[in-house]
Amino acid sequence: MAEPIRIGYIDLSFHQASALEVGRILQTFGHEVIYNAAPHEAAFERLGRGESDIFASAWLPSSHEVYLAPMLDAVDKLSVIYEPYCIWGVPDYVPEEAVSGVEDLLKAPALSRMERLIQGINPGAGISRFSAQMIKAYGLDSAGYYFEPGTESDCFGRYEQAVAAKKWVVIPLWHPQFLHNRYAIRALKESKGLLGVQDEATLLVRKAARKKINPAALAALSSLYIGNARLSALEDDLRKSAA
């Protein structure tokens with residue numbers, strides 16, 4: 001009996017949504033699949049140890065290159081399945097003429113209206129690393145702003161609660177992400193370029209695992225493209241079905 005294909009991914013729901021799409025393609029070609037989720041660094045460490053055959057996906061170059069670099073020779077890049085990028089966002093009811101860029105957080109009316117906590121996800125995420133740097137680089141700490149890493153529910157739940165109360169709040173986020181499927185979130189201009197560039201979400205396969213995978217399945221994965229909007233919707237559906 002053929003060995004199951006192990007699909008590794010970072011343990012966040014939008015990565016899970018893309019991993020499930022990869023799994024469906026493999027199952028179409030008769031493969032059994034096993035999903036293998038872990039936090040950012042640990043997920044890449046598992047890939048490096050050969051505990052994942054396929055990885056969905058590495059955000060290159062900004063967010064995950066630092067984690068992939070030690071094992072780059074051991075993997076092949078199959079396809080770019082969407083184009084992620086990081087933002088600091090605010091609800092669309094925050095007037096753009098009042099807060100259009102990060103620097104505006106230090107001016108009126110943001111100083112009297114904006115929540116000071118900028119709640120993030122886990123500290124290994126690119127957006128968390130970038131956000132912690134931004135607090136210092138923009139001098140936001142001088143006005144009482146602070147960044148805290150946390151769980152997905154800490155970050156996303158706080159945003160949804162703030163929107164329900166029409167509070168002014170900054171969320172460190174990215175595209176694609178399920179909240180964009182539910183709300184109009186406006187990205188703040190970020191003049192220092194600390195949020196990285198638009199990445200390529202790259203589907204990886206370990207070179208040593210290629211022989212386990214049906215060549216037709218590899219060809220199908222090599223042409224897989226999900227896109228930001230569809231992945232945001234897939235993640236939203238996944239979360240609603242799990243609720």
# chains A, B, ... in the order shown; residues from 1 in each chain; ligands from 1
call {"tool": "closest_atom_pairs", "arguments": {"of": "stretch 33-140 of chain A", "to": "stretch 149-165 of chain A", "cutoff": "12 Å", "atoms": "only C-alpha atoms", "output": "Markdown table"}}
result
| residue | atom | partner | partner_atom | distance |
| --- | --- | --- | --- | --- |
| A:Pro39 | CA | A:Thr151 | CA | 10.9 |
| A:Gly89 | CA | A:Tyr159 | CA | 10.3 |
| A:Val90 | CA | A:Tyr159 | CA | 9.3 |
| A:Pro91 | CA | A:Val163 | CA | 7.0 |
| A:Asp92 | CA | A:Val163 | CA | 9.7 |
| A:Tyr93 | CA | A:Val163 | CA | 9.0 |
| A:Val94 | CA | A:Val163 | CA | 10.4 |
| A:Met114 | CA | A:Ala162 | CA | 10.7 |
| A:Glu115 | CA | A:Ala162 | CA | 9.2 |
| A:Leu117 | CA | A:Arg158 | CA | 10.1 |
| A:Ile118 | CA | A:Cys155 | CA | 8.6 |
| A:Gln119 | CA | A:Cys155 | CA | 5.3 |
| A:Gly120 | CA | A:Pro149 | CA | 4.5 |
| A:Ile121 | CA | A:Gly150 | CA | 4.6 |
| A:Asn122 | CA | A:Gly150 | CA | 5.1 |
| A:Pro123 | CA | A:Pro149 | CA | 5.4 |
| A:Gly124 | CA | A:Pro149 | CA | 9.1 |
| A:Ala125 | CA | A:Pro149 | CA | 9.2 |
| A:Gly126 | CA | A:Pro149 | CA | 11.4 |
| A:Ile127 | CA | A:Pro149 | CA | 9.9 |
| A:Ser128 | CA | A:Pro149 | CA | 6.6 |
| A:Arg129 | CA | A:Pro149 | CA | 9.4 |
| A:Phe130 | CA | A:Pro149 | CA | 11.5 |
| A:Ser131 | CA | A:Pro149 | CA | 9.5 |
| A:Ala132 | CA | A:Pro149 | CA | 9.0 |
call {"tool": "write_last_selection", "arguments": {"atoms": "N, CA, C and O atoms", "output": "short mmCIF file (atom, residue, chain, number, x, y, z; two decimals), in the first residue's frame"}}
result
data_model
loop_
_atom_site.label_atom_id
_atom_site.label_comp_id
_atom_site.auth_asym_id
_atom_site.auth_seq_id
_atom_site.Cartn_x
_atom_site.Cartn_y
_atom_site.Cartn_z
N PRO A 39 3.16 25.58 14.94
CA PRO A 39 3.48 27.01 14.83
C PRO A 39 4.61 27.26 13.83
O PRO A 39 5.30 26.34 13.41
N GLY A 89 -4.36 47.51 9.56
CA GLY A 89 -5.65 47.93 9.05
C GLY A 89 -6.52 48.57 10.11
O GLY A 89 -6.35 48.34 11.31
N VAL A 90 -7.47 49.36 9.64
CA VAL A 90 -8.48 49.97 10.53
C VAL A 90 -9.85 49.72 9.91
O VAL A 90 -9.98 49.54 8.69
N PRO A 91 -10.91 49.72 10.72
CA PRO A 91 -12.26 49.57 10.17
C PRO A 91 -12.57 50.72 9.21
O PRO A 91 -12.07 51.84 9.38
N ASP A 92 -13.40 50.44 8.23
CA ASP A 92 -13.67 51.47 7.22
C ASP A 92 -14.45 52.66 7.76
O ASP A 92 -14.54 53.69 7.11
N TYR A 93 -15.01 52.56 8.98
CA TYR A 93 -15.71 53.72 9.54
C TYR A 93 -14.74 54.73 10.15
O TYR A 93 -15.13 55.83 10.52
N VAL A 94 -13.45 54.37 10.30
CA VAL A 94 -12.44 55.35 10.72
C VAL A 94 -12.15 56.24 9.51
O VAL A 94 -11.69 55.75 8.48
N MET A 114 -8.21 56.29 19.32
CA MET A 114 -7.69 54.97 18.94
C MET A 114 -7.32 54.14 20.17
O MET A 114 -6.69 54.63 21.12
N GLU A 115 -7.71 52.86 20.12
CA GLU A 115 -7.27 51.91 21.14
C GLU A 115 -5.75 51.79 21.09
O GLU A 115 -5.15 51.72 20.01
N LEU A 117 -3.78 49.28 22.47
CA LEU A 117 -3.30 47.91 22.26
C LEU A 117 -3.43 47.52 20.80
O LEU A 117 -4.51 47.62 20.21
N ILE A 118 -2.33 47.09 20.21
CA ILE A 118 -2.33 46.51 18.87
C ILE A 118 -2.11 45.02 19.04
O ILE A 118 -0.99 44.56 19.29
N GLN A 119 -3.19 44.28 18.99
CA GLN A 119 -3.19 42.85 19.33
C GLN A 119 -2.84 42.00 18.13
O GLN A 119 -3.50 42.05 17.10
N GLY A 120 -1.79 41.20 18.27
CA GLY A 120 -1.35 40.35 17.17
C GLY A 120 -1.60 38.88 17.42
O GLY A 120 -2.25 38.49 18.40
N ILE A 121 -1.06 38.07 16.50
CA ILE A 121 -1.10 36.62 16.65
C ILE A 121 0.25 36.16 17.23
O ILE A 121 0.93 36.94 17.88
N ASN A 122 0.65 34.93 16.95
CA ASN A 122 1.83 34.40 17.64
C ASN A 122 3.12 35.12 17.23
O ASN A 122 3.22 35.66 16.13
N PRO A 123 4.12 35.13 18.12
CA PRO A 123 5.30 35.95 17.89
C PRO A 123 6.16 35.51 16.72
O PRO A 123 6.97 36.29 16.22
N GLY A 124 6.01 34.26 16.24
CA GLY A 124 6.80 33.80 15.11
C GLY A 124 6.31 34.29 13.77
O GLY A 124 7.02 34.17 12.76
N ALA A 125 5.10 34.83 13.71
CA ALA A 125 4.53 35.29 12.45
C ALA A 125 5.27 36.53 11.95
O ALA A 125 5.68 37.39 12.73
N GLY A 126 5.41 36.63 10.62
CA GLY A 126 6.04 37.81 10.05
C GLY A 126 5.36 39.09 10.49
O GLY A 126 6.03 40.06 10.87
N ILE A 127 4.04 39.12 10.46
CA ILE A 127 3.31 40.33 10.84
C ILE A 127 3.59 40.71 12.29
O ILE A 127 3.65 41.90 12.62
N SER A 128 3.84 39.73 13.16
CA SER A 128 4.16 40.03 14.55
C SER A 128 5.55 40.63 14.66
O SER A 128 5.77 41.61 15.40
N ARG A 129 6.51 40.07 13.94
CA ARG A 129 7.87 40.61 13.96
C ARG A 129 7.87 42.04 13.42
O ARG A 129 8.48 42.95 13.99
N PHE A 130 7.16 42.23 12.31
CA PHE A 130 7.12 43.56 11.69
C PHE A 130 6.45 44.57 12.63
O PHE A 130 6.90 45.72 12.76
N SER A 131 5.36 44.17 13.26
CA SER A 131 4.59 45.09 14.10
C SER A 131 5.38 45.54 15.32
O SER A 131 5.33 46.71 15.71
N ALA A 132 6.10 44.61 15.94
CA ALA A 132 6.92 44.98 17.09
C ALA A 132 7.97 46.01 16.70
O ALA A 132 8.26 46.95 17.45
#
call {"tool": "residues_around", "arguments": {"residues": "A:Lys240", "least_positions_apart": "3", "cutoff": "12 Å", "atoms": "only C-alpha atoms", "output": "mmCIF file with N, CA, C and O atoms, in the first residue's frame"}}
result
data_model
loop_
_atom_site.group_PDB
_atom_site.id
_atom_site.type_symbol
_atom_site.label_atom_id
_atom_site.label_comp_id
_atom_site.auth_asym_id
_atom_site.auth_seq_id
_atom_site.Cartn_x
_atom_site.Cartn_y
_atom_site.Cartn_z
ATOM 1 N N SER A 13 -5.613 29.204 10.538
ATOM 2 C CA SER A 13 -6.731 28.658 9.769
ATOM 3 C C SER A 13 -6.632 28.924 8.274
ATOM 4 O O SER A 13 -7.094 28.119 7.468
ATOM 5 N N PHE A 178 -9.703 35.746 6.572
ATOM 6 C CA PHE A 178 -11.163 35.643 6.555
ATOM 7 C C PHE A 178 -11.874 36.933 6.945
ATOM 8 O O PHE A 178 -13.005 37.174 6.517
ATOM 9 N N LEU A 179 -11.230 37.774 7.767
ATOM 10 C CA LEU A 179 -11.897 39.012 8.169
ATOM 11 C C LEU A 179 -12.182 39.908 6.968
ATOM 12 O O LEU A 179 -13.155 40.672 6.981
ATOM 13 N N ASN A 181 -13.272 38.899 4.269
ATOM 14 C CA ASN A 181 -14.495 38.368 3.673
ATOM 15 C C ASN A 181 -15.735 38.853 4.422
ATOM 16 O O ASN A 181 -16.843 38.756 3.909
ATOM 17 N N ARG A 182 -15.529 39.397 5.624
ATOM 18 C CA ARG A 182 -16.646 39.850 6.464
ATOM 19 C C ARG A 182 -16.729 41.369 6.606
ATOM 20 O O ARG A 182 -17.818 41.909 6.827
ATOM 21 N N ALA A 233 -12.251 33.561 1.366
ATOM 22 C CA ALA A 233 -13.585 32.957 1.436
ATOM 23 C C ALA A 233 -13.515 31.521 1.943
ATOM 24 O O ALA A 233 -14.357 31.086 2.744
ATOM 25 N N LEU A 234 -12.508 30.756 1.484
ATOM 26 C CA LEU A 234 -12.352 29.370 1.939
ATOM 27 C C LEU A 234 -12.087 29.319 3.441
ATOM 28 O O LEU A 234 -12.636 28.473 4.154
ATOM 29 N N GLU A 235 -11.249 30.246 3.929
ATOM 30 C CA GLU A 235 -10.980 30.287 5.362
ATOM 31 C C GLU A 235 -12.236 30.660 6.139
ATOM 32 O O GLU A 235 -12.518 30.079 7.199
ATOM 33 N N ASP A 236 -12.996 31.610 5.623
ATOM 34 C CA ASP A 236 -14.237 32.014 6.300
ATOM 35 C C ASP A 236 -15.194 30.829 6.372
ATOM 36 O O ASP A 236 -15.804 30.564 7.411
ATOM 37 N N ASP A 237 -15.343 30.088 5.278
ATOM 38 C CA ASP A 237 -16.204 28.898 5.268
ATOM 39 C C ASP A 237 -15.722 27.865 6.278
ATOM 40 O O ASP A 237 -16.527 27.235 6.989
ATOM 41 N N ALA A 243 -17.544 26.355 13.746
ATOM 42 C CA ALA A 243 -18.161 27.106 14.863
ATOM 43 C C ALA A 243 -19.267 26.287 15.530
ATOM 44 O O ALA A 243 -19.915 25.473 14.907
#
call {"tool": "residues_around", "arguments": {"residues": "A:Ile34", "least_positions_apart": "2", "cutoff": "12 Å", "atoms": "only C-alpha atoms", "output": "ChimeraX atom specification"}}
result
/A:3-9,19-20,22-24,26-27,31-32,36-37,51-55
call {"tool": "closest_residue", "arguments": {"among": "A:Val205, A:Leu224, A:Ala217, A:Ala143", "to": "A:Leu72", "atoms": "only C-alpha atoms"}}
result
A:Val205
call {"tool": "residues_around", "arguments": {"residues": "stretch 193-204 of chain A", "least_positions_apart": "2", "cutoff": "8 Å", "atoms": "only C-alpha atoms", "output": "ChimeraX atom specification"}}
result
/A:54-63,75-87,127,130-131,133-134,190-191,206
call {"tool": "select_by_dssp", "arguments": {"residues": "stretch 26-220 of chain A", "states": "alpha helix (DSSP H)", "output": "PyMOL selection string"}}
result
chain A and resi 26-28+40-48+65-68+110-113+126-137+152-164+179-182+215-220
call {"tool": "closest_residue", "arguments": {"among": "A:Ala187, A:Leu173, A:Ala43, A:Leu221", "to": "A:Gly101", "atoms": "only C-alpha atoms"}}
result
A:Ala187
call {"tool": "select_by_dssp", "arguments": {"residues": "stretch 58-236 of chain A", "states": "strand (DSSP E or B)", "output": "MDAnalysis selection string"}}
result
chainID A and resid 58:60 75:82 85:91 101 114 117:119 146:148 168 171:175 185:187 189 200:206
call {"tool": "closest_residue", "arguments": {"among": "A:Ile213, A:Val170, A:Ala242, A:Leu231", "to": "A:Ser100", "atoms": "only C-alpha atoms"}}
result
A:Val170
call {"tool": "closest_residue", "arguments": {"among": "A:Ile25, A:Ala220, A:Val99, A:Val66", "to": "A:Trp168", "atoms": "only C-alpha atoms"}}
result
A:Val99
call {"tool": "decode", "arguments": {"residues": "stretch 135-151 of chain A", "atoms": "N, CA, C and O atoms", "output": "mmCIF file, in the first residue's frame"}}
result
data_model
loop_
_atom_site.group_PDB
_atom_site.id
_atom_site.type_symbol
_atom_site.label_atom_id
_atom_site.label_comp_id
_atom_site.auth_asym_id
_atom_site.auth_seq_id
_atom_site.Cartn_x
_atom_site.Cartn_y
_atom_site.Cartn_z
ATOM 1 N N ILE A 135 6.330 49.666 16.232
ATOM 2 C CA ILE A 135 6.030 50.424 17.445
ATOM 3 C C ILE A 135 7.201 51.342 17.795
ATOM 4 O O ILE A 135 7.024 52.526 18.100
ATOM 5 N N LYS A 136 8.420 50.803 17.724
ATOM 6 C CA LYS A 136 9.621 51.582 18.040
ATOM 7 C C LYS A 136 9.962 52.549 16.913
ATOM 8 O O LYS A 136 10.270 53.725 17.150
ATOM 9 N N ALA A 137 9.940 52.052 15.679
ATOM 10 C CA ALA A 137 10.407 52.853 14.545
ATOM 11 C C ALA A 137 9.569 54.109 14.339
ATOM 12 O O ALA A 137 10.089 55.153 13.928
ATOM 13 N N TYR A 138 8.276 54.022 14.614
ATOM 14 C CA TYR A 138 7.397 55.177 14.438
ATOM 15 C C TYR A 138 7.220 55.984 15.729
ATOM 16 O O TYR A 138 6.486 56.973 15.738
ATOM 17 N N GLY A 139 7.856 55.545 16.808
ATOM 18 C CA GLY A 139 7.705 56.254 18.078
ATOM 19 C C GLY A 139 6.322 56.129 18.674
ATOM 20 O O GLY A 139 5.905 56.975 19.478
ATOM 21 N N LEU A 140 5.604 55.085 18.312
ATOM 22 C CA LEU A 140 4.228 54.936 18.800
ATOM 23 C C LEU A 140 4.182 54.662 20.298
ATOM 24 O O LEU A 140 3.195 54.989 20.972
ATOM 25 N N ASP A 141 5.260 54.076 20.823
ATOM 26 C CA ASP A 141 5.296 53.784 22.252
ATOM 27 C C ASP A 141 5.250 55.068 23.080
ATOM 28 O O ASP A 141 4.756 55.073 24.208
ATOM 29 N N SER A 142 5.729 56.164 22.504
ATOM 30 C CA SER A 142 5.710 57.450 23.229
ATOM 31 C C SER A 142 4.293 57.936 23.482
ATOM 32 O O SER A 142 4.066 58.747 24.389
ATOM 33 N N ALA A 143 3.349 57.453 22.687
ATOM 34 C CA ALA A 143 1.942 57.837 22.863
ATOM 35 C C ALA A 143 1.136 56.719 23.526
ATOM 36 O O ALA A 143 -0.092 56.790 23.575
ATOM 37 N N GLY A 144 1.823 55.693 24.012
ATOM 38 C CA GLY A 144 1.137 54.634 24.749
ATOM 39 C C GLY A 144 0.698 53.444 23.926
ATOM 40 O O GLY A 144 0.077 52.508 24.451
ATOM 41 N N TYR A 145 1.002 53.436 22.618
ATOM 42 C CA TYR A 145 0.661 52.263 21.812
ATOM 43 C C TYR A 145 1.612 51.112 22.159
ATOM 44 O O TYR A 145 2.800 51.333 22.415
ATOM 45 N N TYR A 146 1.082 49.910 22.135
ATOM 46 C CA TYR A 146 1.941 48.753 22.383
ATOM 47 C C TYR A 146 1.394 47.550 21.618
ATOM 48 O O TYR A 146 0.188 47.433 21.381
ATOM 49 N N PHE A 147 2.314 46.687 21.212
ATOM 50 C CA PHE A 147 1.960 45.477 20.483
ATOM 51 C C PHE A 147 2.074 44.283 21.416
ATOM 52 O O PHE A 147 3.040 44.176 22.176
ATOM 53 N N GLU A 148 1.097 43.395 21.339
ATOM 54 C CA GLU A 148 1.154 42.144 22.095
ATOM 55 C C GLU A 148 0.854 40.987 21.166
ATOM 56 O O GLU A 148 -0.164 41.009 20.456
ATOM 57 N N PRO A 149 1.722 39.964 21.140
ATOM 58 C CA PRO A 149 1.367 38.743 20.416
ATOM 59 C C PRO A 149 0.322 37.961 21.195
ATOM 60 O O PRO A 149 0.123 38.194 22.396
ATOM 61 N N GLY A 150 -0.349 37.056 20.515
ATOM 62 C CA GLY A 150 -1.363 36.251 21.190
ATOM 63 C C GLY A 150 -1.878 35.160 20.278
ATOM 64 O O GLY A 150 -1.219 34.781 19.311
ATOM 65 N N THR A 151 -3.048 34.679 20.574
ATOM 66 C CA THR A 151 -3.669 33.644 19.762
ATOM 67 C C THR A 151 -4.468 34.284 18.628
ATOM 68 O O THR A 151 -4.708 35.496 18.617
#
